[in-house]
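Everything below belongs to start14.cif, which stores mmCIF, C-alpha atoms.
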```cif
data_run
#
loop_
_atom_site.label_atom_id
_atom_site.label_comp_id
_atom_site.auth_asym_id
_atom_site.auth_seq_id
_atom_site.Cartn_x
_atom_site.Cartn_y
_atom_site.Cartn_z
CA MET Z 1 66.84 85.21 106.41
CA VAL Z 2 69.80 87.55 106.68
CA LEU Z 3 70.03 90.50 104.34
CA LEU Z 4 72.80 90.13 101.78
CA TYR Z 5 75.02 93.08 100.98
CA SER Z 6 74.22 92.51 97.30
CA GLU Z 7 70.63 93.50 98.07
CA ILE Z 8 71.60 96.88 99.47
CA VAL Z 9 74.00 97.39 96.54
CA GLU Z 10 71.13 96.79 94.11
CA VAL Z 11 69.28 99.59 95.85
CA TYR Z 12 72.32 101.89 95.56
CA GLU Z 13 72.40 101.22 91.82
CA GLU Z 14 68.69 101.91 91.42
CA ILE Z 15 68.88 105.14 93.42
CA SER Z 16 71.91 106.28 91.41
CA SER Z 17 69.99 105.79 88.15
CA THR Z 18 67.08 108.13 88.94
CA THR Z 19 66.39 111.58 90.32
CA LYS Z 20 62.69 110.93 90.92
CA ARG Z 21 61.99 111.11 94.64
CA LEU Z 22 58.95 108.81 94.50
CA GLU Z 23 60.97 106.09 92.75
CA ILE Z 24 63.78 106.47 95.26
CA THR Z 25 61.32 106.27 98.16
CA ASP Z 26 59.67 103.14 96.74
CA THR Z 27 63.07 101.51 96.34
CA LEU Z 28 63.98 102.31 99.94
CA VAL Z 29 60.64 100.99 101.20
CA LYS Z 30 61.30 97.62 99.54
CA LEU Z 31 64.75 97.47 101.12
CA LEU Z 32 63.51 98.40 104.59
CA LYS Z 33 60.82 95.74 104.43
CA LYS Z 34 63.54 93.11 103.94
CA ALA Z 35 65.53 94.22 106.99
CA SER Z 36 65.16 92.50 110.33
CA LEU Z 37 65.06 94.31 113.65
CA GLU Z 38 68.75 93.46 114.13
CA GLU Z 39 69.71 94.81 110.69
CA VAL Z 40 67.56 97.87 110.13
CA ASP Z 41 69.79 100.46 111.80
CA MET Z 42 72.81 99.10 109.89
CA VAL Z 43 70.85 99.39 106.64
CA VAL Z 44 69.91 102.98 107.35
CA TYR Z 45 73.41 104.05 108.39
CA LEU Z 46 75.09 102.37 105.41
CA THR Z 47 72.56 103.96 103.06
CA GLN Z 48 73.50 107.31 104.58
CA GLY Z 49 77.14 106.47 103.89
CA LYS Z 50 78.11 106.28 107.57
CA LEU Z 51 78.33 103.88 110.52
CA TYR Z 52 76.70 105.96 113.24
CA PRO Z 53 74.77 109.22 113.60
CA ASP Z 54 76.98 112.27 113.28
CA PHE Z 55 76.78 113.24 116.94
CA MET Z 56 78.69 110.10 117.95
CA GLY Z 57 81.77 111.27 116.08
CA ILE Z 58 82.84 107.79 114.92
CA GLU Z 59 84.24 107.88 111.40
CA LEU Z 60 86.28 105.51 109.29
CA GLY Z 61 88.81 108.20 108.47
CA VAL Z 62 90.46 106.22 105.67
CA ALA Z 63 92.50 108.09 103.07
CA ASP Z 64 92.76 107.25 99.36
CA LYS Z 65 96.30 105.86 99.60
CA PHE Z 66 95.33 103.71 102.56
CA MET Z 67 92.32 102.26 100.70
CA ALA Z 68 94.51 101.67 97.66
CA ARG Z 69 96.70 99.40 99.82
CA ALA Z 70 93.65 97.35 100.76
CA ILE Z 71 92.53 97.07 97.14
CA ALA Z 72 96.06 96.05 96.17
CA LEU Z 73 96.18 93.34 98.83
CA ALA Z 74 92.81 91.99 97.73
CA SER Z 75 93.50 92.05 94.00
CA GLY Z 76 97.23 91.42 93.62
CA VAL Z 77 97.57 94.66 91.64
CA SER Z 78 100.23 97.02 92.99
CA ALA Z 79 99.13 100.01 95.04
CA ASP Z 80 100.99 102.28 92.60
CA LYS Z 81 98.92 100.95 89.71
CA ILE Z 82 95.76 101.34 91.76
CA LEU Z 83 96.60 104.99 92.47
CA ASP Z 84 97.55 105.58 88.84
CA GLN Z 85 94.14 104.33 87.73
CA PHE Z 86 92.54 106.46 90.42
CA LYS Z 87 94.19 109.57 88.96
CA LYS Z 88 92.78 108.70 85.54
CA LYS Z 89 89.25 107.80 86.65
CA GLY Z 90 88.77 110.00 89.70
CA ASP Z 91 86.81 107.30 91.56
CA LEU Z 92 88.61 104.67 93.61
CA GLY Z 93 85.35 102.71 93.80
CA ILE Z 94 85.36 102.24 90.03
CA VAL Z 95 89.01 101.18 90.18
CA ALA Z 96 88.20 98.60 92.87
CA GLN Z 97 85.31 97.30 90.79
CA GLU Z 98 87.52 96.86 87.75
CA VAL Z 99 90.54 95.22 89.39
CA ILE Z 100 88.44 92.92 91.58
CA GLY Z 101 86.39 92.04 88.50
CA SER Z 102 89.52 91.20 86.52
CA LYS Z 103 90.84 88.89 89.22
CA LYS Z 104 87.53 87.09 89.59
CA GLN Z 105 87.31 86.58 85.83
CA ALA Z 106 90.82 85.17 85.92
CA GLY Z 107 89.59 82.61 88.45
CA LEU Z 108 91.91 83.66 91.27
CA PHE Z 109 88.98 83.61 93.64
CA GLU Z 110 85.39 82.58 93.17
CA PHE Z 111 82.01 83.95 94.01
CA ALA Z 112 78.62 82.44 93.34
CA GLU Z 113 75.34 84.17 94.14
CA GLY Z 114 73.69 82.54 97.10
CA LYS Z 115 76.81 80.82 98.43
CA THR Z 116 77.18 80.77 102.18
CA ASP Z 117 80.23 83.04 101.93
CA ALA Z 118 78.25 85.82 100.25
CA LEU Z 119 78.68 89.07 102.12
CA THR Z 120 75.85 90.09 104.41
CA VAL Z 121 74.93 93.62 105.43
CA ALA Z 122 75.81 92.75 109.03
CA GLU Z 123 79.25 91.40 108.08
CA VAL Z 124 80.12 94.50 106.06
CA TYR Z 125 78.86 96.84 108.76
CA LYS Z 126 80.58 95.05 111.65
CA THR Z 127 83.87 94.83 109.76
CA LEU Z 128 83.81 98.54 108.95
CA ASP Z 129 82.97 99.22 112.58
CA LYS Z 130 86.11 97.32 113.62
CA VAL Z 131 88.13 99.35 111.13
CA ALA Z 132 86.78 102.58 112.60
CA ARG Z 133 87.59 101.56 116.18
CA ILE Z 134 91.04 99.96 115.85
CA THR Z 135 93.76 102.07 117.42
CA GLY Z 136 97.31 101.66 118.63
CA GLU Z 137 100.44 100.01 117.30
CA GLY Z 138 99.89 98.01 114.15
CA SER Z 139 96.39 99.43 113.68
CA GLN Z 140 97.07 100.56 110.10
CA ASP Z 141 98.07 97.08 108.95
CA SER Z 142 95.11 95.55 110.80
CA LYS Z 143 92.73 97.92 109.05
CA VAL Z 144 94.20 97.12 105.65
CA ARG Z 145 93.81 93.38 106.26
CA LEU Z 146 90.20 93.76 107.38
CA LEU Z 147 89.30 95.85 104.35
CA ALA Z 148 91.15 93.53 101.98
CA GLY Z 149 89.28 90.58 103.48
CA LEU Z 150 85.96 92.24 102.67
CA LEU Z 151 87.05 93.06 99.13
CA LYS Z 152 88.19 89.49 98.50
CA LYS Z 153 84.71 88.23 99.38
CA ALA Z 154 82.96 91.00 97.46
CA THR Z 155 81.61 90.92 93.95
CA PRO Z 156 83.04 93.69 91.72
CA ILE Z 157 79.98 95.92 92.20
CA GLU Z 158 80.08 95.31 95.96
CA ALA Z 159 83.76 96.27 95.98
CA LYS Z 160 82.84 99.58 94.38
CA TYR Z 161 80.38 100.48 97.09
CA ILE Z 162 82.48 99.17 99.97
CA THR Z 163 85.29 101.41 98.75
CA ARG Z 164 83.04 104.43 98.39
CA THR Z 165 81.55 103.86 101.83
CA VAL Z 166 84.99 103.60 103.42
CA LEU Z 167 86.16 106.81 101.74
CA GLY Z 168 82.96 108.70 102.53
CA THR Z 169 82.14 109.14 98.83
CA LEU Z 170 78.93 107.11 98.58
CA ARG Z 171 77.03 110.26 97.57
CA LEU Z 172 73.63 108.75 96.84
CA GLY Z 173 72.13 112.18 97.39
CA LEU Z 174 69.51 110.85 99.80
CA ALA Z 175 67.78 113.51 101.85
CA ASP Z 176 66.84 112.67 105.43
CA MET Z 177 63.20 113.46 104.60
CA THR Z 178 63.19 110.81 101.87
CA ILE Z 179 64.46 108.20 104.32
CA LEU Z 180 61.83 109.31 106.86
CA ASP Z 181 59.14 108.91 104.19
CA ALA Z 182 60.36 105.39 103.47
CA ILE Z 183 60.42 104.49 107.18
CA SER Z 184 56.87 105.77 107.59
CA ILE Z 185 55.55 103.79 104.63
CA ALA Z 186 57.51 100.60 105.33
CA TYR Z 187 56.80 100.31 109.05
CA LEU Z 188 53.79 102.49 109.86
CA GLY Z 189 51.90 101.92 106.62
CA SER Z 190 51.53 105.49 105.42
CA LYS Z 191 53.56 108.50 104.40
CA ASP Z 192 50.96 110.58 106.24
CA LEU Z 193 52.48 109.35 109.51
CA ARG Z 194 55.86 110.88 108.72
CA PRO Z 195 55.38 113.71 111.26
CA ILE Z 196 55.56 111.05 114.00
CA VAL Z 197 58.91 109.66 112.85
CA GLU Z 198 60.15 113.14 112.00
CA ARG Z 199 59.56 114.28 115.57
CA ALA Z 200 61.42 111.24 116.85
CA TYR Z 201 64.31 112.10 114.52
CA ASN Z 202 64.36 115.74 115.61
CA VAL Z 203 64.68 114.61 119.23
CA SER Z 204 67.19 111.78 118.72
CA GLY Z 205 69.18 112.91 115.69
CA ASP Z 206 69.51 109.22 114.86
CA LEU Z 207 67.78 107.81 111.75
CA GLY Z 208 68.87 104.26 112.53
CA TYR Z 209 67.27 104.43 115.96
CA VAL Z 210 64.09 105.91 114.50
CA ALA Z 211 63.86 103.11 111.93
CA ARG Z 212 64.37 100.43 114.58
CA VAL Z 213 61.68 101.88 116.85
CA ALA Z 214 59.26 102.27 113.94
CA LEU Z 215 59.83 98.64 112.96
CA GLU Z 216 59.24 97.55 116.53
CA LYS Z 217 55.97 99.51 116.59
CA GLY Z 218 54.98 97.95 113.30
CA LEU Z 219 55.57 94.46 114.68
CA THR Z 220 53.42 95.02 117.76
#
```
Please render this file's structure as structure tokens.
Amino acid sequence: MVLLYSEIVEVYEEISSTTKRLEITDTLVKLLKKASLEEVDMVVYLTQGKLYPDFMGIELGVADKFMARAIALASGVSADKILDQFKKKGDLGIVAQEVIGSKKQAGLFEFAEGKTDALTVAEVYKTLDKVARITGEGSQDSKVRLLAGLLKKATPIEAKYITRTVLGTLRLGLADMTILDAISIAYLGSKDLRPIVERAYNVSGDLGYVARVALEKGLT
């Protein structure tokens, strides 16, 4: 089964509601255990609020006004109103959640949990990857359309986290060591084995790669 984006969003919500490291680690372990070999690096990167390890230098680079255009296209609310609400609330993710929620309640577009058009982690990741890589003439409009397409398919809470991810404001406060703990427990069976994955991370600088290799080892 593919991992739905709603499942990673549930984890974001749980992590945001606690400061207890053990609870956060347990939540991450459950998420990692759901991820397939093809999904695990995407899960790790998205949870870090990025698409790739820092050394690759690939960023979304989307500004607030640009994201407001995408939210406007998805919701039918003017970009000026979106930005006005942003000034009041200070979080464009919350604004996206509210306006997308209002449109869905009005029946302008539908979403049902479990439908085949539910967003998957892979779909969100690959779309954001396209946004990050598009260049050249007309690239701005193409990026807006891609982001708006995601938001139209998203639930309100998903829209909040897509927006925050795009803007680089996910801010879950996850330390690398916490993610390494979760990888060790989920795939190697014990937190005591964290020094092994930590060494791999120190060499590679890539948590997604480390998670994928650990999962592979756990499967063999």
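CA of Glu123 (chain Z) sits 24.9 Å away from CA of Gly205 (chain Z).
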Considering all atoms listed in the file, tabulate each residue of region 170-193 of chain Z that lies at most 12 Å from region 157-166 of chain Z along with its nearest interatomic pair and the corresponding distance in Å to one decimal; arrange the rows by chain and ascending residue number and present them as CSV.
```
residue,atom,partner,partner_atom,distance
Z:Leu170,CA,Z:Arg164,CA,4.9
Z:Arg171,CA,Z:Arg164,CA,8.4
Z:Leu172,CA,Z:Arg164,CA,10.5
```
Point-to-point distance in Å for CA of Leu60 (chain Z) and CA of Val131 (chain Z): 6.7 Å
To verify the selection step, state as a CSV table (one decimal) with C-alpha atoms, in the coordinates of the input which residues the PyMOL selection byres ((chain Z and resi 144-151) around 10) yields on this input.
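Done, and the output landed in result_7.csv:
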```csv
chain,number,residue,atom,x,y,z
Z,62,VAL,CA,90.5,106.2,105.7
Z,66,PHE,CA,95.3,103.7,102.6
Z,67,MET,CA,92.3,102.3,100.7
Z,68,ALA,CA,94.5,101.7,97.7
Z,69,ARG,CA,96.7,99.4,99.8
Z,70,ALA,CA,93.6,97.4,100.8
Z,71,ILE,CA,92.5,97.1,97.1
Z,72,ALA,CA,96.1,96.0,96.2
Z,73,LEU,CA,96.2,93.3,98.8
Z,74,ALA,CA,92.8,92.0,97.7
Z,75,SER,CA,93.5,92.0,94.0
Z,96,ALA,CA,88.2,98.6,92.9
Z,97,GLN,CA,85.3,97.3,90.8
Z,100,ILE,CA,88.4,92.9,91.6
Z,119,LEU,CA,78.7,89.1,102.1
Z,123,GLU,CA,79.2,91.4,108.1
Z,124,VAL,CA,80.1,94.5,106.1
Z,127,THR,CA,83.9,94.8,109.8
Z,128,LEU,CA,83.8,98.5,109.0
Z,130,LYS,CA,86.1,97.3,113.6
Z,131,VAL,CA,88.1,99.4,111.1
Z,139,SER,CA,96.4,99.4,113.7
Z,140,GLN,CA,97.1,100.6,110.1
Z,141,ASP,CA,98.1,97.1,109.0
Z,142,SER,CA,95.1,95.6,110.8
Z,143,LYS,CA,92.7,97.9,109.0
Z,152,LYS,CA,88.2,89.5,98.5
Z,153,LYS,CA,84.7,88.2,99.4
Z,154,ALA,CA,83.0,91.0,97.5
Z,155,THR,CA,81.6,90.9,94.0
Z,156,PRO,CA,83.0,93.7,91.7
Z,158,GLU,CA,80.1,95.3,96.0
Z,159,ALA,CA,83.8,96.3,96.0
Z,160,LYS,CA,82.8,99.6,94.4
Z,162,ILE,CA,82.5,99.2,100.0
Z,163,THR,CA,85.3,101.4,98.8
Z,166,VAL,CA,85.0,103.6,103.4
```
Residue contacts of region 35-43 of chain Z (10 Å, only C-alpha atoms) excluding same-chain residues fewer than 4 positions away, as JSON, numbers by chain: {"Z": [1, 2, 3, 4, 5, 8, 30, 31, 47, 48, 49, 50, 51, 52, 120, 121, 122, 124, 125, 126, 206, 207, 208, 209, 210, 211, 212, 213, 214, 215, 216, 219]}
Among listed residues Z:Gly90, Z:Ile134, Z:Glu7, Z:Lys103, nearest Gly61 (chain Z) (using all atoms listed in the file):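 Of the candidates, the smallest distance to Gly61 (chain Z) is held by Z:Ile134.
Going from CA of Ser204 (chain Z) over to CA of Thr169 (chain Z), you cover 25.0 Å.
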Please identify every residue of region 16-45 of chain Z that has at least one atom no farther than 12 Å from an atom of region 175-178 of chain Z, counting only C-alpha atoms, and for each give the shortest atom pair and the distance in Å to one decimal, arranged by chain then increasing number, as CSV.
```
residue,atom,partner,partner_atom,distance
Z:Thr19,CA,Z:Ala175,CA,11.8
Z:Lys20,CA,Z:Thr178,CA,11.0
Z:Arg21,CA,Z:Thr178,CA,7.3
Z:Leu22,CA,Z:Thr178,CA,8.7
Z:Glu23,CA,Z:Thr178,CA,10.5
Z:Ile24,CA,Z:Thr178,CA,7.9
Z:Thr25,CA,Z:Thr178,CA,6.2
Z:Asp26,CA,Z:Thr178,CA,9.9
Z:Thr27,CA,Z:Thr178,CA,10.8
Z:Leu28,CA,Z:Thr178,CA,8.8
Z:Val29,CA,Z:Thr178,CA,10.2
Z:Val44,CA,Z:Asp176,CA,10.3
Z:Tyr45,CA,Z:Asp176,CA,11.2
```
Hits of the PyMOL selection byres ((chain Z and resi 86) around 12) in this structure, as a ChimeraX atom specification: /Z:64-65,67-68,71,79-85,87-99
Result set of the PyMOL selection byres ((chain Z and resi 183-196) around 8) on the coordinates above, as a PyMOL selection string: chain Z and resi 29-30+32-33+179-182+197-200+211+214-215+217-218
Would you write out those residues with C-alpha atoms, as a PDB file, in the frame of the given file?
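That gives us part-v2.pdb:
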```pdb
ATOM      1  CA  VAL Z  29      60.640 100.990 101.200  1.00  0.00           C
ATOM      2  CA  LYS Z  30      61.300  97.620  99.540  1.00  0.00           C
ATOM      3  CA  LEU Z  32      63.510  98.400 104.590  1.00  0.00           C
ATOM      4  CA  LYS Z  33      60.820  95.740 104.430  1.00  0.00           C
ATOM      5  CA  ILE Z 179      64.460 108.200 104.320  1.00  0.00           C
ATOM      6  CA  LEU Z 180      61.830 109.310 106.860  1.00  0.00           C
ATOM      7  CA  ASP Z 181      59.140 108.910 104.190  1.00  0.00           C
ATOM      8  CA  ALA Z 182      60.360 105.390 103.470  1.00  0.00           C
ATOM      9  CA  VAL Z 197      58.910 109.660 112.850  1.00  0.00           C
ATOM     10  CA  GLU Z 198      60.150 113.140 112.000  1.00  0.00           C
ATOM     11  CA  ARG Z 199      59.560 114.280 115.570  1.00  0.00           C
ATOM     12  CA  ALA Z 200      61.420 111.240 116.850  1.00  0.00           C
ATOM     13  CA  ALA Z 211      63.860 103.110 111.930  1.00  0.00           C
ATOM     14  CA  ALA Z 214      59.260 102.270 113.940  1.00  0.00           C
ATOM     15  CA  LEU Z 215      59.830  98.640 112.960  1.00  0.00           C
ATOM     16  CA  LYS Z 217      55.970  99.510 116.590  1.00  0.00           C
ATOM     17  CA  GLY Z 218      54.980  97.950 113.300  1.00  0.00           C
TER      18      GLY Z 218
END
```
File output, region 67-84 of chain Z (N, CA, C and O atoms) as a PDB file, in the first residue's frame:
```pdb
ATOM      1  N   MET Z  67       3.379  32.020  -3.258  1.00  0.00           N
ATOM      2  CA  MET Z  67       2.521  30.968  -2.698  1.00  0.00           C
ATOM      3  C   MET Z  67       1.084  31.463  -2.564  1.00  0.00           C
ATOM      4  O   MET Z  67       0.135  30.691  -2.748  1.00  0.00           O
ATOM      5  N   ALA Z  68       0.922  32.736  -2.280  1.00  0.00           N
ATOM      6  CA  ALA Z  68      -0.422  33.297  -2.174  1.00  0.00           C
ATOM      7  C   ALA Z  68      -1.158  33.177  -3.506  1.00  0.00           C
ATOM      8  O   ALA Z  68      -2.376  32.937  -3.541  1.00  0.00           O
ATOM      9  N   ARG Z  69      -0.427  33.335  -4.612  1.00  0.00           N
ATOM     10  CA  ARG Z  69      -1.046  33.170  -5.940  1.00  0.00           C
ATOM     11  C   ARG Z  69      -1.555  31.748  -6.131  1.00  0.00           C
ATOM     12  O   ARG Z  69      -2.641  31.533  -6.669  1.00  0.00           O
ATOM     13  N   ALA Z  70      -0.778  30.774  -5.666  1.00  0.00           N
ATOM     14  CA  ALA Z  70      -1.185  29.379  -5.798  1.00  0.00           C
ATOM     15  C   ALA Z  70      -2.417  29.086  -4.942  1.00  0.00           C
ATOM     16  O   ALA Z  70      -3.341  28.393  -5.378  1.00  0.00           O
ATOM     17  N   ILE Z  71      -2.425  29.613  -3.732  1.00  0.00           N
ATOM     18  CA  ILE Z  71      -3.582  29.423  -2.844  1.00  0.00           C
ATOM     19  C   ILE Z  71      -4.819  30.077  -3.450  1.00  0.00           C
ATOM     20  O   ILE Z  71      -5.921  29.524  -3.416  1.00  0.00           O
ATOM     21  N   ALA Z  72      -4.619  31.249  -4.040  1.00  0.00           N
ATOM     22  CA  ALA Z  72      -5.731  31.959  -4.679  1.00  0.00           C
ATOM     23  C   ALA Z  72      -6.296  31.152  -5.840  1.00  0.00           C
ATOM     24  O   ALA Z  72      -7.521  31.016  -5.988  1.00  0.00           O
ATOM     25  N   LEU Z  73      -5.420  30.607  -6.665  1.00  0.00           N
ATOM     26  CA  LEU Z  73      -5.863  29.817  -7.816  1.00  0.00           C
ATOM     27  C   LEU Z  73      -6.614  28.567  -7.364  1.00  0.00           C
ATOM     28  O   LEU Z  73      -7.594  28.163  -7.991  1.00  0.00           O
ATOM     29  N   ALA Z  74      -6.184  27.977  -6.278  1.00  0.00           N
ATOM     30  CA  ALA Z  74      -6.816  26.756  -5.780  1.00  0.00           C
ATOM     31  C   ALA Z  74      -8.147  27.025  -5.104  1.00  0.00           C
ATOM     32  O   ALA Z  74      -9.061  26.187  -5.161  1.00  0.00           O
ATOM     33  N   SER Z  75      -8.271  28.183  -4.466  1.00  0.00           N
ATOM     34  CA  SER Z  75      -9.445  28.452  -3.631  1.00  0.00           C
ATOM     35  C   SER Z  75     -10.480  29.379  -4.255  1.00  0.00           C
ATOM     36  O   SER Z  75     -11.644  29.386  -3.839  1.00  0.00           O
ATOM     37  N   GLY Z  76     -10.056  30.190  -5.233  1.00  0.00           N
ATOM     38  CA  GLY Z  76     -10.969  31.179  -5.797  1.00  0.00           C
ATOM     39  C   GLY Z  76     -10.998  32.474  -5.010  1.00  0.00           C
ATOM     40  O   GLY Z  76     -11.699  33.418  -5.379  1.00  0.00           O
ATOM     41  N   VAL Z  77     -10.234  32.540  -3.929  1.00  0.00           N
ATOM     42  CA  VAL Z  77     -10.104  33.765  -3.141  1.00  0.00           C
ATOM     43  C   VAL Z  77      -8.967  34.584  -3.730  1.00  0.00           C
ATOM     44  O   VAL Z  77      -7.933  34.022  -4.114  1.00  0.00           O
ATOM     45  N   SER Z  78      -9.131  35.896  -3.814  1.00  0.00           N
ATOM     46  CA  SER Z  78      -8.113  36.722  -4.462  1.00  0.00           C
ATOM     47  C   SER Z  78      -6.792  36.680  -3.695  1.00  0.00           C
ATOM     48  O   SER Z  78      -6.771  36.522  -2.470  1.00  0.00           O
ATOM     49  N   ALA Z  79      -5.708  36.831  -4.434  1.00  0.00           N
ATOM     50  CA  ALA Z  79      -4.386  36.837  -3.814  1.00  0.00           C
ATOM     51  C   ALA Z  79      -4.256  37.986  -2.810  1.00  0.00           C
ATOM     52  O   ALA Z  79      -3.594  37.836  -1.778  1.00  0.00           O
ATOM     53  N   ASP Z  80      -4.895  39.120  -3.097  1.00  0.00           N
ATOM     54  CA  ASP Z  80      -4.842  40.255  -2.173  1.00  0.00           C
ATOM     55  C   ASP Z  80      -5.484  39.896  -0.837  1.00  0.00           C
ATOM     56  O   ASP Z  80      -4.971  40.253   0.234  1.00  0.00           O
ATOM     57  N   LYS Z  81      -6.604  39.184  -0.896  1.00  0.00           N
ATOM     58  CA  LYS Z  81      -7.271  38.771   0.344  1.00  0.00           C
ATOM     59  C   LYS Z  81      -6.434  37.740   1.091  1.00  0.00           C
ATOM     60  O   LYS Z  81      -6.373  37.749   2.320  1.00  0.00           O
ATOM     61  N   ILE Z  82      -5.799  36.861   0.329  1.00  0.00           N
ATOM     62  CA  ILE Z  82      -4.918  35.863   0.946  1.00  0.00           C
ATOM     63  C   ILE Z  82      -3.798  36.572   1.706  1.00  0.00           C
ATOM     64  O   ILE Z  82      -3.504  36.244   2.859  1.00  0.00           O
ATOM     65  N   LEU Z  83      -3.167  37.542   1.071  1.00  0.00           N
ATOM     66  CA  LEU Z  83      -2.055  38.265   1.695  1.00  0.00           C
ATOM     67  C   LEU Z  83      -2.528  39.113   2.872  1.00  0.00           C
ATOM     68  O   LEU Z  83      -1.807  39.270   3.862  1.00  0.00           O
ATOM     69  N   ASP Z  84      -3.739  39.642   2.766  1.00  0.00           N
ATOM     70  CA  ASP Z  84      -4.300  40.415   3.877  1.00  0.00           C
ATOM     71  C   ASP Z  84      -4.487  39.527   5.108  1.00  0.00           C
ATOM     72  O   ASP Z  84      -4.160  39.919   6.234  1.00  0.00           O
TER      73      ASP Z  84
END
```
